[in-house]
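final_36.cif (mmCIF, C-alpha atoms) appears below.
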data_query
#
loop_
_atom_site.group_PDB
_atom_site.id
_atom_site.type_symbol
_atom_site.label_atom_id
_atom_site.label_comp_id
_atom_site.auth_asym_id
_atom_site.auth_seq_id
_atom_site.Cartn_x
_atom_site.Cartn_y
_atom_site.Cartn_z
ATOM 1 C CA MET A 1 17.544 3.434 34.469
ATOM 2 C CA ASP A 2 19.646 1.447 32.053
ATOM 3 C CA ALA A 3 20.355 2.443 28.466
ATOM 4 C CA VAL A 4 17.786 0.084 26.916
ATOM 5 C CA ALA A 5 15.032 1.360 29.186
ATOM 6 C CA GLN A 6 15.963 4.964 28.397
ATOM 7 C CA TRP A 7 15.904 4.373 24.629
ATOM 8 C CA ARG A 8 12.642 2.454 24.892
ATOM 9 C CA ASN A 9 11.049 5.313 26.846
ATOM 10 C CA GLN A 10 12.211 7.734 24.188
ATOM 11 C CA TRP A 11 10.726 5.439 21.547
ATOM 12 C CA PHE A 12 7.342 5.348 23.295
ATOM 13 C CA ASP A 13 7.338 9.122 23.722
ATOM 14 C CA TYR A 14 8.265 9.634 20.090
ATOM 15 C CA THR A 15 5.659 7.236 18.692
ATOM 16 C CA HIS A 16 3.000 8.869 20.881
ATOM 17 C CA TYR A 17 4.077 12.238 19.497
ATOM 18 C CA LEU A 18 3.926 10.986 15.911
ATOM 19 C CA ARG A 19 0.424 9.601 16.409
ATOM 20 C CA ARG A 20 -0.794 12.618 18.368
ATOM 21 C CA GLU A 21 0.396 14.984 15.643
ATOM 22 C CA GLY A 22 -1.170 12.814 12.957
ATOM 23 C CA PHE A 23 2.045 11.841 11.198
ATOM 24 C CA LEU A 24 1.294 8.145 11.615
ATOM 25 C CA ASP A 25 -1.883 6.175 12.193
ATOM 26 C CA ASP A 26 -2.852 2.550 12.898
ATOM 27 C CA GLN A 27 -1.789 1.403 9.435
ATOM 28 C CA PHE A 28 1.851 1.962 10.404
ATOM 29 C CA ALA A 29 1.368 -0.308 13.396
ATOM 30 C CA GLN A 30 -0.200 -2.903 11.056
ATOM 31 C CA LEU A 31 2.787 -2.573 8.759
ATOM 32 C CA LYS A 32 5.182 -3.143 11.665
ATOM 33 C CA LYS A 33 3.272 -6.272 12.629
ATOM 34 C CA LEU A 34 4.167 -7.770 9.250
ATOM 35 C CA GLN A 35 7.879 -7.502 10.062
ATOM 36 C CA ASP A 36 9.501 -10.566 11.584
ATOM 37 C CA GLU A 37 12.940 -12.005 12.326
ATOM 38 C CA ASN A 38 13.178 -13.345 8.757
ATOM 39 C CA SER A 39 12.574 -9.854 7.342
ATOM 40 C CA PRO A 40 13.929 -7.505 10.027
ATOM 41 C CA ASP A 41 14.274 -4.570 7.618
ATOM 42 C CA PHE A 42 10.844 -4.894 6.026
ATOM 43 C CA VAL A 43 9.413 -1.614 7.340
ATOM 44 C CA VAL A 44 12.558 0.356 6.496
ATOM 45 C CA GLU A 45 12.481 -1.132 2.978
ATOM 46 C CA VAL A 46 8.798 -0.323 2.456
ATOM 47 C CA VAL A 47 9.271 3.239 3.721
ATOM 48 C CA SER A 48 12.344 3.691 1.529
ATOM 49 C CA LEU A 49 10.397 2.463 -1.505
ATOM 50 C CA PHE A 50 7.530 4.792 -0.630
ATOM 51 C CA PHE A 51 9.798 7.859 -0.655
ATOM 52 C CA GLN A 52 11.494 6.779 -3.885
ATOM 53 C CA ASP A 53 8.163 6.335 -5.659
ATOM 54 C CA SER A 54 6.750 9.494 -4.066
ATOM 55 C CA GLU A 55 9.519 11.560 -5.611
ATOM 56 C CA LYS A 56 8.580 10.283 -9.075
ATOM 57 C CA LEU A 57 4.861 10.801 -8.513
ATOM 58 C CA LEU A 58 5.352 14.338 -7.198
ATOM 59 C CA ASN A 59 7.555 15.202 -10.184
ATOM 60 C CA ASN A 60 4.861 13.808 -12.506
ATOM 61 C CA MET A 61 2.241 15.947 -10.776
ATOM 62 C CA ALA A 62 4.447 19.042 -10.994
ATOM 63 C CA ARG A 63 5.086 18.473 -14.714
ATOM 64 C CA ALA A 64 1.397 17.938 -15.389
ATOM 65 C CA LEU A 65 0.495 21.142 -13.542
ATOM 66 C CA GLU A 66 3.059 23.139 -15.546
ATOM 67 C CA GLN A 67 1.405 22.380 -18.880
ATOM 68 C CA ASN A 68 -0.398 25.138 -20.761
ATOM 69 C CA VAL A 69 -3.504 23.014 -20.732
ATOM 70 C CA VAL A 70 -3.533 21.070 -17.487
ATOM 71 C CA ASP A 71 -4.874 17.531 -17.647
ATOM 72 C CA PHE A 72 -6.504 17.459 -14.220
ATOM 73 C CA LYS A 73 -7.533 13.822 -14.689
ATOM 74 C CA GLN A 74 -3.891 12.870 -15.083
ATOM 75 C CA VAL A 75 -2.971 14.863 -11.978
ATOM 76 C CA ASP A 76 -5.856 13.250 -10.109
ATOM 77 C CA ALA A 77 -4.673 9.780 -11.112
ATOM 78 C CA CYS A 78 -1.213 10.540 -9.650
ATOM 79 C CA VAL A 79 -2.738 11.958 -6.485
ATOM 80 C CA HIS A 80 -5.012 8.925 -6.147
ATOM 81 C CA GLN A 81 -2.019 6.597 -6.371
ATOM 82 C CA PHE A 82 -0.038 8.711 -3.921
ATOM 83 C CA LYS A 83 -2.978 8.809 -1.511
ATOM 84 C CA GLY A 84 -3.158 5.032 -1.612
ATOM 85 C CA SER A 85 0.540 4.571 -0.885
ATOM 86 C CA SER A 86 0.414 7.150 1.896
ATOM 87 C CA ALA A 87 -2.524 5.361 3.475
ATOM 88 C CA TRP A 88 -0.829 1.973 3.295
ATOM 89 C CA ILE A 89 2.204 3.136 5.265
ATOM 90 C CA GLY A 90 0.043 4.977 7.774
ATOM 91 C CA ALA A 91 0.981 8.499 6.683
ATOM 92 C CA MET A 92 -2.253 10.114 7.834
ATOM 93 C CA ARG A 93 -1.399 13.769 7.272
ATOM 94 C CA LEU A 94 -0.169 13.051 3.763
ATOM 95 C CA LYS A 95 -3.306 11.088 3.017
ATOM 96 C CA ASN A 96 -5.483 13.985 4.209
ATOM 97 C CA VAL A 97 -3.630 16.515 2.048
ATOM 98 C CA CYS A 98 -4.225 14.195 -0.903
ATOM 99 C CA ILE A 99 -7.961 14.204 -0.202
ATOM 100 C CA ASN A 100 -7.943 18.011 -0.501
ATOM 101 C CA PHE A 101 -5.712 17.771 -3.552
ATOM 102 C CA ARG A 102 -8.198 15.480 -5.287
ATOM 103 C CA ASN A 103 -11.029 17.916 -4.532
ATOM 104 C CA TYR A 104 -9.063 20.692 -6.248
ATOM 105 C CA CYS A 105 -8.363 18.399 -9.208
ATOM 106 C CA GLU A 106 -12.059 17.680 -9.521
ATOM 107 C CA ALA A 107 -12.801 21.409 -9.393
ATOM 108 C CA GLN A 108 -9.974 21.988 -11.937
ATOM 109 C CA ASN A 109 -8.587 24.616 -9.578
ATOM 110 C CA LEU A 110 -4.955 25.113 -10.607
ATOM 111 C CA GLU A 111 -4.053 27.406 -7.723
ATOM 112 C CA GLY A 112 -5.527 24.996 -5.218
ATOM 113 C CA CYS A 113 -3.633 22.110 -6.816
ATOM 114 C CA LEU A 114 -0.332 23.973 -6.741
ATOM 115 C CA GLY A 115 -0.904 24.817 -3.075
ATOM 116 C CA CYS A 116 -1.597 21.192 -2.276
ATOM 117 C CA LEU A 117 1.469 20.030 -4.182
ATOM 118 C CA GLN A 118 3.625 22.316 -2.069
ATOM 119 C CA GLN A 119 1.912 21.065 1.070
ATOM 120 C CA VAL A 120 2.460 17.454 0.030
ATOM 121 C CA ARG A 121 6.181 18.114 -0.503
ATOM 122 C CA GLN A 122 6.447 19.708 2.951
ATOM 123 C CA GLU A 123 4.560 16.873 4.638
ATOM 124 C CA CYS A 124 6.712 14.305 2.839
ATOM 125 C CA LEU A 125 9.871 15.938 4.101
ATOM 126 C CA ALA A 126 8.526 16.156 7.641
ATOM 127 C CA LEU A 127 7.453 12.510 7.572
ATOM 128 C CA LYS A 128 10.806 11.401 6.187
ATOM 129 C CA ASN A 129 12.653 13.218 8.970
ATOM 130 C CA ASN A 130 10.342 11.823 11.621
ATOM 131 C CA LEU A 131 10.672 8.251 10.378
ATOM 132 C CA GLU A 132 14.443 8.572 10.161
ATOM 133 C CA ASN A 133 14.425 9.689 13.810
ATOM 134 C CA LEU A 134 12.192 6.751 14.744
ATOM 135 C CA PHE A 135 14.368 4.206 12.944
ATOM 136 C CA ARG A 136 17.470 5.716 14.541
ATOM 137 C CA LEU A 137 15.889 5.255 17.980
ATOM 138 C CA GLU A 138 15.115 1.640 17.110
ATOM 139 C CA GLN A 139 18.721 1.096 16.067
ATOM 140 C CA GLN A 140 19.836 2.533 19.417
ATOM 141 C CA ILE A 141 17.562 0.125 21.296
ATOM 142 C CA VAL A 142 18.897 -2.865 19.376
ATOM 143 C CA ALA A 143 22.521 -1.676 19.713
ATOM 144 C CA ALA A 144 22.006 -1.404 23.477
ATOM 145 C CA GLY A 145 20.882 -5.040 23.525
ATOM 146 C CA GLY A 146 17.132 -4.472 23.711
ATOM 147 C CA SER A 147 14.211 -5.316 21.465
ATOM 148 C CA ILE A 148 12.020 -2.834 19.630
ATOM 149 C CA PRO A 149 8.700 -2.337 21.432
ATOM 150 C CA VAL A 150 5.451 -3.325 19.766
ATOM 151 C CA MET A 151 3.494 -0.409 18.401
ATOM 152 C CA GLU A 152 -0.113 -0.567 19.622
ATOM 153 C CA MET B 1 -1.905 -19.573 1.906
ATOM 154 C CA MET B 2 -2.527 -23.118 2.902
ATOM 155 C CA VAL B 3 -5.778 -24.824 2.085
ATOM 156 C CA GLY B 4 -5.738 -28.149 3.839
ATOM 157 C CA GLU B 5 -2.145 -29.279 3.226
ATOM 158 C CA LYS B 6 -1.884 -27.751 -0.247
ATOM 159 C CA LYS B 7 0.280 -24.689 -0.702
ATOM 160 C CA ILE B 8 -1.467 -21.909 -2.543
ATOM 161 C CA TYR B 9 0.173 -19.919 -5.324
ATOM 162 C CA ALA B 10 -1.024 -16.359 -5.625
ATOM 163 C CA LEU B 11 -0.551 -13.730 -8.290
ATOM 164 C CA ILE B 12 -0.599 -10.146 -7.014
ATOM 165 C CA VAL B 13 -1.619 -7.830 -9.833
ATOM 166 C CA GLU B 14 -0.821 -4.339 -8.585
ATOM 167 C CA ASP B 15 1.031 -1.322 -9.970
ATOM 168 C CA ASP B 16 1.926 0.323 -6.664
ATOM 169 C CA ARG B 17 5.207 -1.065 -5.338
ATOM 170 C CA VAL B 18 4.449 -0.279 -1.698
ATOM 171 C CA THR B 19 1.186 -2.235 -1.899
ATOM 172 C CA GLN B 20 2.986 -5.055 -3.741
ATOM 173 C CA MET B 21 5.492 -5.372 -0.887
ATOM 174 C CA ARG B 22 2.843 -5.208 1.771
ATOM 175 C CA HIS B 23 0.655 -7.867 0.156
ATOM 176 C CA ARG B 24 3.615 -10.153 -0.538
ATOM 177 C CA MET B 25 4.679 -10.013 3.096
ATOM 178 C CA LEU B 26 1.146 -10.625 4.289
ATOM 179 C CA LEU B 27 0.720 -13.669 2.046
ATOM 180 C CA LYS B 28 4.098 -14.961 3.183
ATOM 181 C CA ARG B 29 2.700 -14.982 6.721
ATOM 182 C CA PHE B 30 0.071 -17.415 5.460
ATOM 183 C CA LYS B 31 2.802 -19.562 3.877
ATOM 184 C CA CYS B 32 1.689 -18.514 0.401
ATOM 185 C CA GLU B 33 3.980 -18.353 -2.602
ATOM 186 C CA SER B 34 3.322 -15.148 -4.464
ATOM 187 C CA HIS B 35 4.330 -13.593 -7.736
ATOM 188 C CA VAL B 36 3.792 -10.009 -8.816
ATOM 189 C CA ALA B 37 2.511 -8.496 -12.062
ATOM 190 C CA GLY B 38 2.619 -4.718 -12.433
ATOM 191 C CA ASN B 39 -0.579 -4.426 -14.464
ATOM 192 C CA GLY B 40 -3.347 -6.476 -16.059
ATOM 193 C CA LYS B 41 -1.435 -7.090 -19.280
ATOM 194 C CA GLU B 42 1.566 -8.506 -17.426
ATOM 195 C CA ALA B 43 -0.827 -10.826 -15.607
ATOM 196 C CA ILE B 44 -2.408 -12.014 -18.855
ATOM 197 C CA ASP B 45 1.029 -12.522 -20.418
ATOM 198 C CA LEU B 46 2.066 -14.635 -17.426
ATOM 199 C CA PHE B 47 -0.915 -16.933 -17.872
ATOM 200 C CA ARG B 48 -0.353 -17.095 -21.621
ATOM 201 C CA SER B 49 3.256 -18.134 -21.002
ATOM 202 C CA GLY B 50 1.976 -21.112 -19.027
ATOM 203 C CA ALA B 51 2.161 -19.826 -15.470
ATOM 204 C CA SER B 52 -0.410 -21.238 -13.126
ATOM 205 C CA PHE B 53 -1.897 -19.707 -9.975
ATOM 206 C CA ASP B 54 -4.603 -20.724 -7.561
ATOM 207 C CA VAL B 55 -5.682 -17.190 -6.754
ATOM 208 C CA VAL B 56 -5.271 -13.784 -8.356
ATOM 209 C CA LEU B 57 -5.368 -10.633 -6.231
ATOM 210 C CA MET B 58 -6.412 -8.029 -8.775
ATOM 211 C CA ASP B 59 -6.061 -4.293 -8.244
ATOM 212 C CA MET B 60 -8.790 -2.299 -9.943
ATOM 213 C CA GLU B 61 -6.937 0.680 -11.382
ATOM 214 C CA MET B 62 -3.697 0.062 -13.208
ATOM 215 C CA PRO B 63 -2.014 1.468 -16.302
ATOM 216 C CA VAL B 64 -1.915 -0.447 -19.624
ATOM 217 C CA MET B 65 -4.719 -2.832 -18.613
ATOM 218 C CA ASN B 66 -6.918 -2.329 -15.545
ATOM 219 C CA GLY B 67 -8.163 -5.018 -13.196
ATOM 220 C CA LEU B 68 -11.657 -5.288 -14.674
ATOM 221 C CA GLU B 69 -10.355 -5.826 -18.211
ATOM 222 C CA ALA B 70 -7.782 -8.320 -16.963
ATOM 223 C CA THR B 71 -10.430 -10.223 -14.994
ATOM 224 C CA LYS B 72 -12.685 -10.514 -18.062
ATOM 225 C CA GLU B 73 -9.732 -11.625 -20.167
ATOM 226 C CA LEU B 74 -8.649 -14.270 -17.658
ATOM 227 C CA ARG B 75 -12.154 -15.736 -17.558
ATOM 228 C CA ALA B 76 -12.350 -15.659 -21.359
ATOM 229 C CA MET B 77 -9.048 -17.581 -21.406
ATOM 230 C CA GLY B 78 -10.639 -20.243 -19.216
ATOM 231 C CA PHE B 79 -9.040 -19.435 -15.871
ATOM 232 C CA GLU B 80 -11.258 -21.031 -13.254
ATOM 233 C CA GLY B 81 -9.230 -20.143 -10.186
ATOM 234 C CA HIS B 82 -10.171 -17.596 -7.571
ATOM 235 C CA ILE B 83 -10.014 -13.932 -8.582
ATOM 236 C CA VAL B 84 -10.195 -11.408 -5.766
ATOM 237 C CA GLY B 85 -10.637 -7.754 -6.621
ATOM 238 C CA VAL B 86 -8.897 -5.235 -4.368
ATOM 239 C CA THR B 87 -9.779 -1.583 -4.426
ATOM 240 C CA SER B 88 -9.323 1.741 -2.718
ATOM 241 C CA ARG B 89 -12.440 3.094 -4.429
ATOM 242 C CA ASP B 90 -16.022 2.793 -3.236
ATOM 243 C CA LEU B 91 -16.311 -0.816 -2.144
ATOM 244 C CA ASP B 92 -19.960 -1.404 -3.112
ATOM 245 C CA PHE B 93 -19.313 -0.107 -6.618
ATOM 246 C CA ALA B 94 -16.097 -2.115 -6.908
ATOM 247 C CA LYS B 95 -17.842 -5.309 -5.729
ATOM 248 C CA GLN B 96 -20.504 -4.850 -8.365
ATOM 249 C CA VAL B 97 -18.195 -4.200 -11.300
ATOM 250 C CA PHE B 98 -15.676 -6.871 -10.284
ATOM 251 C CA ASN B 99 -18.512 -9.361 -9.930
ATOM 252 C CA GLU B 100 -19.781 -8.451 -13.401
ATOM 253 C CA ALA B 101 -16.264 -8.911 -14.764
ATOM 254 C CA GLY B 102 -16.065 -12.415 -13.303
ATOM 255 C CA ALA B 103 -14.275 -11.984 -9.982
ATOM 256 C CA ASP B 104 -15.272 -14.105 -7.004
ATOM 257 C CA SER B 105 -15.025 -11.412 -4.363
ATOM 258 C CA CYS B 106 -13.710 -7.939 -3.678
ATOM 259 C CA TYR B 107 -11.974 -6.374 -0.688
ATOM 260 C CA GLU B 108 -10.739 -3.001 0.376
ATOM 261 C CA LYS B 109 -7.045 -2.206 0.163
ATOM 262 C CA PRO B 110 -4.827 -2.941 1.899
ATOM 263 C CA LEU B 111 -5.554 -6.575 2.596
ATOM 264 C CA THR B 112 -5.476 -7.470 6.272
ATOM 265 C CA PRO B 113 -4.858 -10.849 7.921
ATOM 266 C CA GLU B 114 -8.618 -11.082 8.483
ATOM 267 C CA TYR B 115 -9.305 -10.532 4.767
ATOM 268 C CA VAL B 116 -6.727 -13.158 3.820
ATOM 269 C CA THR B 117 -8.345 -15.629 6.223
ATOM 270 C CA SER B 118 -11.678 -14.896 4.575
ATOM 271 C CA ILE B 119 -10.206 -15.392 1.077
ATOM 272 C CA LEU B 120 -8.666 -18.668 2.204
ATOM 273 C CA GLN B 121 -12.056 -19.773 3.469
ATOM 274 C CA GLU B 122 -13.647 -18.865 0.119
ATOM 275 C CA ILE B 123 -11.074 -20.995 -1.707
ATOM 276 C CA ASN B 124 -11.639 -23.819 0.746
ATOM 277 C CA ASP B 125 -15.401 -23.639 0.266
ATOM 278 C CA ASN B 126 -14.932 -23.923 -3.499
#
Could you express the structure from this file as structure tokens?
Amino acid sequence: MDAVAQWRNQWFDYTHYLRREGFLDDQFAQLKKLQDENSPDFVVEVVSLFFQDSEKLLNNMARALEQNVVDFKQVDACVHQFKGSSAWIGAMRLKNVCINFRNYCEAQNLEGCLGCLQQVRQECLALKNNLENLFRLEQQIVAAGGSIPVME
Amino acid sequence: MMVGEKKIYALIVEDDRVTQMRHRMLLKRFKCESHVAGNGKEAIDLFRSGASFDVVLMDMEMPVMNGLEATKELRAMGFEGHIVGVTSRDLDFAKQVFNEAGADSCYEKPLTPEYVTSILQEINDN
């Protein structure tokens, strides 16, 4: 089996793993479909922007939850925005944590919110690592002279 | 977006940068020129400065000025072009309130190629 075929097999296995474990859903495939030869780094750029903006949103949530009197509506607004972004890049697990997070905001449950914030941070880190691995695999395929498979 | 042979100019009014990028790329696929405003007030200011667009894709919830307020303001200013609400909230509710504000239609976020085709058809029908 040549190098391209090996890397492509690894790519398929890895994307199946990411979908099976719920890290990515169909929206990521839709995002990839928007990428073309004129914008070959589109997905990497969108993902990079997502993590940059996530950092700010998570810090805003943390600050809001540290206040003596917590403004749960403000926290909820941040979580709503973060949920939207997560959904648009196909980050299913993150999106689901945000759904729980919003329920705790509505219930004005500080402990629940703090738990969810920690969970969101962990899921973000896991997703970032997984996507970095995926993009590295794609670079290997291209470097070996192949083309990146289409994500179904 | 192309309607007949005419290129369409779209204004994306959206505070989330990831959604901005995604919608811009999608519209580019339909050969549409797009510009971005980060909230309703920026959109209004663009129109007041003389900018002209055929269609406005209006997010519902934004800081400074939300999509409903911006839609009402644009109609009050005499904008007769197509305004499309986009929302991640309950779609039936969003359709109702966007319609009351003066929008022509409302879709769920994120826009898909099928939604864009539908919007193009709406513009064509008008």
ask   = When distances are computed from all atoms listed in the file, which of B:Cys32, B:Ile8, B:Met60, B:Val13 shows the smallest separation from B:Gly81?
value = B:Ile8
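Nearest to chain B of all the residues A:Gln119, A:Asn96, A:Gln81, A:Asn59 is A:Gln81, counting all atoms listed in the file.
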task = Would you be able to write out as a list in words which residues have an atom within 9 Å of (-5.0, 20.6, -3.7) in the file's coordinates, counting only C-alpha atoms?
result =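 Residues with an atom close enough to that point: Val97, Cys98, Ile99, Asn100, Phe101, Arg102, Asn103, Tyr104, Cys105, Asn109, Leu110, Glu111, Gly112, Cys113, Leu114, Gly115, Cys116, Leu117, Gln118, Gln119 and Val120 of chain A.
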task = Could you tell me which residues the PyMOL selection byres ((chain B) within 10 of (chain A)) returns for this structure, as a PyMOL selection string?
result = chain B and resi 15-23+25-29+61-62+87-89+109-113
Would you save the residues from that selection as an mmCIF file, in the frame of the given file, using C-alpha atoms?
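out-v7.cif was written with the following content:
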data_model
loop_
_atom_site.group_PDB
_atom_site.id
_atom_site.type_symbol
_atom_site.label_atom_id
_atom_site.label_comp_id
_atom_site.auth_asym_id
_atom_site.auth_seq_id
_atom_site.Cartn_x
_atom_site.Cartn_y
_atom_site.Cartn_z
ATOM 1 C CA ASP B 15 1.031 -1.322 -9.970
ATOM 2 C CA ASP B 16 1.926 0.323 -6.664
ATOM 3 C CA ARG B 17 5.207 -1.065 -5.338
ATOM 4 C CA VAL B 18 4.449 -0.279 -1.698
ATOM 5 C CA THR B 19 1.186 -2.235 -1.899
ATOM 6 C CA GLN B 20 2.986 -5.055 -3.741
ATOM 7 C CA MET B 21 5.492 -5.372 -0.887
ATOM 8 C CA ARG B 22 2.843 -5.208 1.771
ATOM 9 C CA HIS B 23 0.655 -7.867 0.156
ATOM 10 C CA MET B 25 4.679 -10.013 3.096
ATOM 11 C CA LEU B 26 1.146 -10.625 4.289
ATOM 12 C CA LEU B 27 0.720 -13.669 2.046
ATOM 13 C CA LYS B 28 4.098 -14.961 3.183
ATOM 14 C CA ARG B 29 2.700 -14.982 6.721
ATOM 15 C CA GLU B 61 -6.937 0.680 -11.382
ATOM 16 C CA MET B 62 -3.697 0.062 -13.208
ATOM 17 C CA THR B 87 -9.779 -1.583 -4.426
ATOM 18 C CA SER B 88 -9.323 1.741 -2.718
ATOM 19 C CA ARG B 89 -12.440 3.094 -4.429
ATOM 20 C CA LYS B 109 -7.045 -2.206 0.163
ATOM 21 C CA PRO B 110 -4.827 -2.941 1.899
ATOM 22 C CA LEU B 111 -5.554 -6.575 2.596
ATOM 23 C CA THR B 112 -5.476 -7.470 6.272
ATOM 24 C CA PRO B 113 -4.858 -10.849 7.921
#
Separation of atom CA of B:Asn99 from atom CA of A:Asp76, in Å and rounded to one decimal = 25.9 Å
task = Please evaluate the PyMOL selection byres ((chain B and resi 66-79) around 7) against the displayed coordinates and give the resulting residues as an MDAnalysis selection string.
result = chainID B and resid 39:41 44 58:65 80:81 98 101:103
request  = Using all atoms listed in the file, find the one residue out of B:Ser105, B:Val36, B:Leu91, B:Leu46 that sits nearest to B:Leu120.
outcome  =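 Residue with the minimum atom-to-atom distance to B:Leu120: B:Ser105.
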ask   = When distances are computed from all atoms listed in the file, which of B:Gln96, B:Asp90, B:Glu122, B:Arg48 shows the smallest separation from B:Glu108?
value =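 Counting all atoms listed in the file, the residue closest to B:Glu108 is B:Asp90.
Pairwise distance (atom CA of A:Ala107, atom CA of A:Val79) equals 14.1 Å.
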Identify the residues within 9 Å of coordinate (21.3, 5.5, 24.5) (same frame as the file), considering all atoms listed in the file, and give the answer as a PDB file with C-alpha atoms, in the frame of the given file.
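The result, written out as part01.pdb:
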ATOM      1  CA  ASP A   2      19.646   1.447  32.053  1.00  0.00           C
ATOM      2  CA  ALA A   3      20.355   2.443  28.466  1.00  0.00           C
ATOM      3  CA  VAL A   4      17.786   0.084  26.916  1.00  0.00           C
ATOM      4  CA  ALA A   5      15.032   1.360  29.186  1.00  0.00           C
ATOM      5  CA  GLN A   6      15.963   4.964  28.397  1.00  0.00           C
ATOM      6  CA  TRP A   7      15.904   4.373  24.629  1.00  0.00           C
ATOM      7  CA  LEU A 137      15.889   5.255  17.980  1.00  0.00           C
ATOM      8  CA  GLN A 140      19.836   2.533  19.417  1.00  0.00           C
ATOM      9  CA  ILE A 141      17.562   0.125  21.296  1.00  0.00           C
ATOM     10  CA  ALA A 143      22.521  -1.676  19.713  1.00  0.00           C
ATOM     11  CA  ALA A 144      22.006  -1.404  23.477  1.00  0.00           C
TER      12      ALA A 144
END
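Take atom CA of A:Tyr17 and atom CA of A:Glu55: the distance between them is 25.7 Å.
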ask   = Hey, which of B:Asp125, B:Val56, B:Ser49, B:Phe30 ends up closest to B:Ile12? Count only C-alpha atoms.
value =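 Nearest candidate to B:Ile12 out of B:Asp125, B:Val56, B:Ser49, B:Phe30: B:Val56.
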Using 3 Å of padding on each side, determine the axis-aligned box around all atoms of stretch 70-79 of chain A present in the file and give its centre and edge lengths in Å to one decimal, as JSON.
{"center_x": -4.4, "center_y": 15.4, "center_z": -12.1, "size_x": 12.3, "size_y": 17.3, "size_z": 17.2}
Please, can stretch 99-110 of chain B be completed to N, CA, C and O atoms and returned as a PDB file, keeping the file's coordinate frame?
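Result file is out_7.pdb:
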ATOM      1  N   ASN B  99     -17.641  -8.195  -9.816  1.00  0.00           N
ATOM      2  CA  ASN B  99     -18.512  -9.361  -9.930  1.00  0.00           C
ATOM      3  C   ASN B  99     -18.971  -9.539 -11.374  1.00  0.00           C
ATOM      4  O   ASN B  99     -18.953 -10.650 -11.928  1.00  0.00           O
ATOM      5  N   GLU B 100     -19.348  -8.413 -11.994  1.00  0.00           N
ATOM      6  CA  GLU B 100     -19.781  -8.451 -13.401  1.00  0.00           C
ATOM      7  C   GLU B 100     -18.649  -8.891 -14.315  1.00  0.00           C
ATOM      8  O   GLU B 100     -18.881  -9.522 -15.347  1.00  0.00           O
ATOM      9  N   ALA B 101     -17.425  -8.548 -13.940  1.00  0.00           N
ATOM     10  CA  ALA B 101     -16.264  -8.911 -14.764  1.00  0.00           C
ATOM     11  C   ALA B 101     -15.880 -10.384 -14.592  1.00  0.00           C
ATOM     12  O   ALA B 101     -15.162 -10.939 -15.426  1.00  0.00           O
ATOM     13  N   GLY B 102     -16.371 -10.997 -13.504  1.00  0.00           N
ATOM     14  CA  GLY B 102     -16.065 -12.415 -13.303  1.00  0.00           C
ATOM     15  C   GLY B 102     -15.250 -12.737 -12.061  1.00  0.00           C
ATOM     16  O   GLY B 102     -14.824 -13.880 -11.875  1.00  0.00           O
ATOM     17  N   ALA B 103     -15.027 -11.726 -11.208  1.00  0.00           N
ATOM     18  CA  ALA B 103     -14.275 -11.984  -9.982  1.00  0.00           C
ATOM     19  C   ALA B 103     -15.172 -12.693  -8.968  1.00  0.00           C
ATOM     20  O   ALA B 103     -16.397 -12.628  -9.051  1.00  0.00           O
ATOM     21  N   ASP B 104     -14.523 -13.361  -8.015  1.00  0.00           N
ATOM     22  CA  ASP B 104     -15.272 -14.105  -7.004  1.00  0.00           C
ATOM     23  C   ASP B 104     -15.619 -13.250  -5.793  1.00  0.00           C
ATOM     24  O   ASP B 104     -16.611 -13.495  -5.109  1.00  0.00           O
ATOM     25  N   SER B 105     -14.776 -12.280  -5.513  1.00  0.00           N
ATOM     26  CA  SER B 105     -15.025 -11.412  -4.363  1.00  0.00           C
ATOM     27  C   SER B 105     -14.194 -10.136  -4.518  1.00  0.00           C
ATOM     28  O   SER B 105     -13.389 -10.015  -5.445  1.00  0.00           O
ATOM     29  N   CYS B 106     -14.420  -9.217  -3.603  1.00  0.00           N
ATOM     30  CA  CYS B 106     -13.710  -7.939  -3.678  1.00  0.00           C
ATOM     31  C   CYS B 106     -13.490  -7.410  -2.257  1.00  0.00           C
ATOM     32  O   CYS B 106     -14.394  -7.489  -1.409  1.00  0.00           O
ATOM     33  N   TYR B 107     -12.295  -6.891  -2.018  1.00  0.00           N
ATOM     34  CA  TYR B 107     -11.974  -6.374  -0.688  1.00  0.00           C
ATOM     35  C   TYR B 107     -11.333  -5.006  -0.809  1.00  0.00           C
ATOM     36  O   TYR B 107     -10.780  -4.639  -1.848  1.00  0.00           O
ATOM     37  N   GLU B 108     -11.386  -4.313   0.313  1.00  0.00           N
ATOM     38  CA  GLU B 108     -10.739  -3.001   0.376  1.00  0.00           C
ATOM     39  C   GLU B 108      -9.242  -3.165   0.531  1.00  0.00           C
ATOM     40  O   GLU B 108      -8.775  -4.075   1.213  1.00  0.00           O
ATOM     41  N   LYS B 109      -8.492  -2.233  -0.054  1.00  0.00           N
ATOM     42  CA  LYS B 109      -7.045  -2.206   0.163  1.00  0.00           C
ATOM     43  C   LYS B 109      -6.736  -1.432   1.443  1.00  0.00           C
ATOM     44  O   LYS B 109      -7.432  -0.469   1.746  1.00  0.00           O
ATOM     45  N   PRO B 110      -5.673  -1.774   2.134  1.00  0.00           N
ATOM     46  CA  PRO B 110      -4.827  -2.941   1.899  1.00  0.00           C
ATOM     47  C   PRO B 110      -5.434  -4.183   2.537  1.00  0.00           C
ATOM     48  O   PRO B 110      -6.208  -4.086   3.495  1.00  0.00           O
TER      49      PRO B 110
END
